[in-house]
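K.L.:
So that we are looking at the same thing, I have put the structure below in structure tokens.
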Amino acid sequence: MDQREQQERQDGGLRERLIDVGVEIVTGEGTAALGLREIARRAGVSHGAPRRYFPTHHALLSAIARRGFAELGSRIPAAMAGPGADDPRGQVRALGRAYVGYALEHPGMFELMFRHDLLDSSGQEGPPEARLRDSTLPMFELLVSLVARCRTGDEPRITAAALWANLHGVAQLWSRGSLPLALDGAPEGSLDRVVDAAVDAHLRP
């Protein structure tokens, strides 16, 4: 391995290390702890080192958030392979449960993933493929395709968008305790029933 290749490997390793540390912080302590200096400190580098790999703080936060989308995306196929795998409506329910479940298990990461200032990629430096907004597209396109199989002849993209908004609202209201309070303490299984009801309301019989 020549010197250039060694340097590139080291740079790639440090870049990933900075993202790893960011993931650890947001998972354990939430978004408020995601300062650039703190990430650098825990990664064992100078506070200016992240600038070599990420031109802005937003670029580093976006890279961390993309890890969240990747993890969520990896959960969905497994969830959809369970009961109801041969039924498009059952697959939409499984997707919805996986989405809401991830949001509740990783509230800090979920908040970061959908920060408006990160999703609004206009004016941000970096290649188009690095834009965080594009990380939402594979899941949405999957949802659109499933909705189209459930509701032929309708506008699947509009229905999918409305359903996504509904599921996102369920996740937020549940995490803040509003829905459990409304459901008298949220008896066992009530969250899944709420998710299923949201799916059925948008897909209709």
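Following the order of the structure tokens, first chain is A, next is B, and so on, with residues numbered from 1 inside each chain and ligands from 1 in the order they appear.
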Report the residues of stretch 6-87 of chain A whose backbone DSSP state falls under alpha helix (DSSP H), written as a PyMOL selection string.
P.N.:
chain A and resi 6-29+36-43+57-80
K.L.:
May I have the residues within 9 Å of stretch 29-38 of chain A as a list of chain:residue names, using only C-alpha atoms and disregarding those fewer than 2 positions away in the same chain?
P.N.:
A:Gly22, A:Glu24, A:Ile25, A:Val26, A:Thr27, A:Ala40, A:Arg41, A:Arg42, A:Ala43, A:Ser46, A:His47, A:Gly48, A:Pro50, A:His57, A:Leu60, A:Leu61, A:Pro107, A:Gly108, A:Met109, A:Glu111, A:Leu112
K.L.:
Excluding A:Val92 and any residue of its chain fewer than 2 positions from it, enumerate the residues within 12 Å of it, using only C-alpha atoms, and give them as a PyMOL selection string.
P.N.:
chain A and resi 76-77+79-90+94-99+139-140+142-150+160+163-164+167+195-200+202-203
K.L.:
Give me the residues near A:Val194 as a PyMOL selection string, where near means some atom within 12 Å (using only C-alpha atoms) and where sequence neighbours in that chain fewer than 5 positions away do not count.
P.N.:
chain A and resi 93+96-97+100+166-167+169-171+173-174+179-180+182-183+186-189+199-201
K.L.:
Hey, what's within 6 Å of stretch 64-67 of chain A if we count only C-alpha atoms and toss same-chain stuff fewer than 4 positions away? As a list in words, please?
P.N.:
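Close residues of stretch 64-67 of chain A: Ile19, Val23, Leu112 and Met113 of chain A.
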K.L.:
Residues of the last selection are to be written out with all heavy atoms, as an mmCIF file, in the first residue's frame.
P.N.:
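Output file result_21.cif follows:
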```cif
data_model
loop_
_atom_site.group_PDB
_atom_site.id
_atom_site.type_symbol
_atom_site.label_atom_id
_atom_site.label_comp_id
_atom_site.auth_asym_id
_atom_site.auth_seq_id
_atom_site.Cartn_x
_atom_site.Cartn_y
_atom_site.Cartn_z
ATOM 1 N N ILE A 19 -18.697 9.981 12.442
ATOM 2 C CA ILE A 19 -20.112 9.650 12.317
ATOM 3 C C ILE A 19 -20.519 8.672 13.411
ATOM 4 O O ILE A 19 -21.585 8.826 14.030
ATOM 5 C CB ILE A 19 -20.409 9.074 10.922
ATOM 6 C CG1 ILE A 19 -20.089 10.099 9.838
ATOM 7 C CG2 ILE A 19 -21.878 8.644 10.825
ATOM 8 C CD1 ILE A 19 -20.177 9.547 8.423
ATOM 9 N N VAL A 23 -23.458 9.185 16.148
ATOM 10 C CA VAL A 23 -24.569 8.243 16.349
ATOM 11 C C VAL A 23 -24.672 7.852 17.817
ATOM 12 O O VAL A 23 -25.775 7.805 18.388
ATOM 13 C CB VAL A 23 -24.386 6.991 15.463
ATOM 14 C CG1 VAL A 23 -25.401 5.921 15.831
ATOM 15 C CG2 VAL A 23 -24.525 7.359 13.988
ATOM 16 N N LEU A 112 -33.458 13.934 14.727
ATOM 17 C CA LEU A 112 -32.409 14.443 13.841
ATOM 18 C C LEU A 112 -32.733 14.155 12.381
ATOM 19 O O LEU A 112 -32.534 15.007 11.503
ATOM 20 C CB LEU A 112 -31.068 13.811 14.213
ATOM 21 C CG LEU A 112 -29.846 14.309 13.431
ATOM 22 C CD1 LEU A 112 -29.529 15.747 13.818
ATOM 23 C CD2 LEU A 112 -28.644 13.407 13.681
ATOM 24 N N MET A 113 -33.243 12.969 12.098
ATOM 25 C CA MET A 113 -33.535 12.555 10.729
ATOM 26 C C MET A 113 -34.519 13.485 10.036
ATOM 27 O O MET A 113 -34.466 13.653 8.816
ATOM 28 C CB MET A 113 -34.085 11.125 10.722
ATOM 29 C CG MET A 113 -33.056 10.058 11.038
ATOM 30 S SD MET A 113 -33.802 8.489 11.575
ATOM 31 C CE MET A 113 -34.791 8.032 10.148
#
```
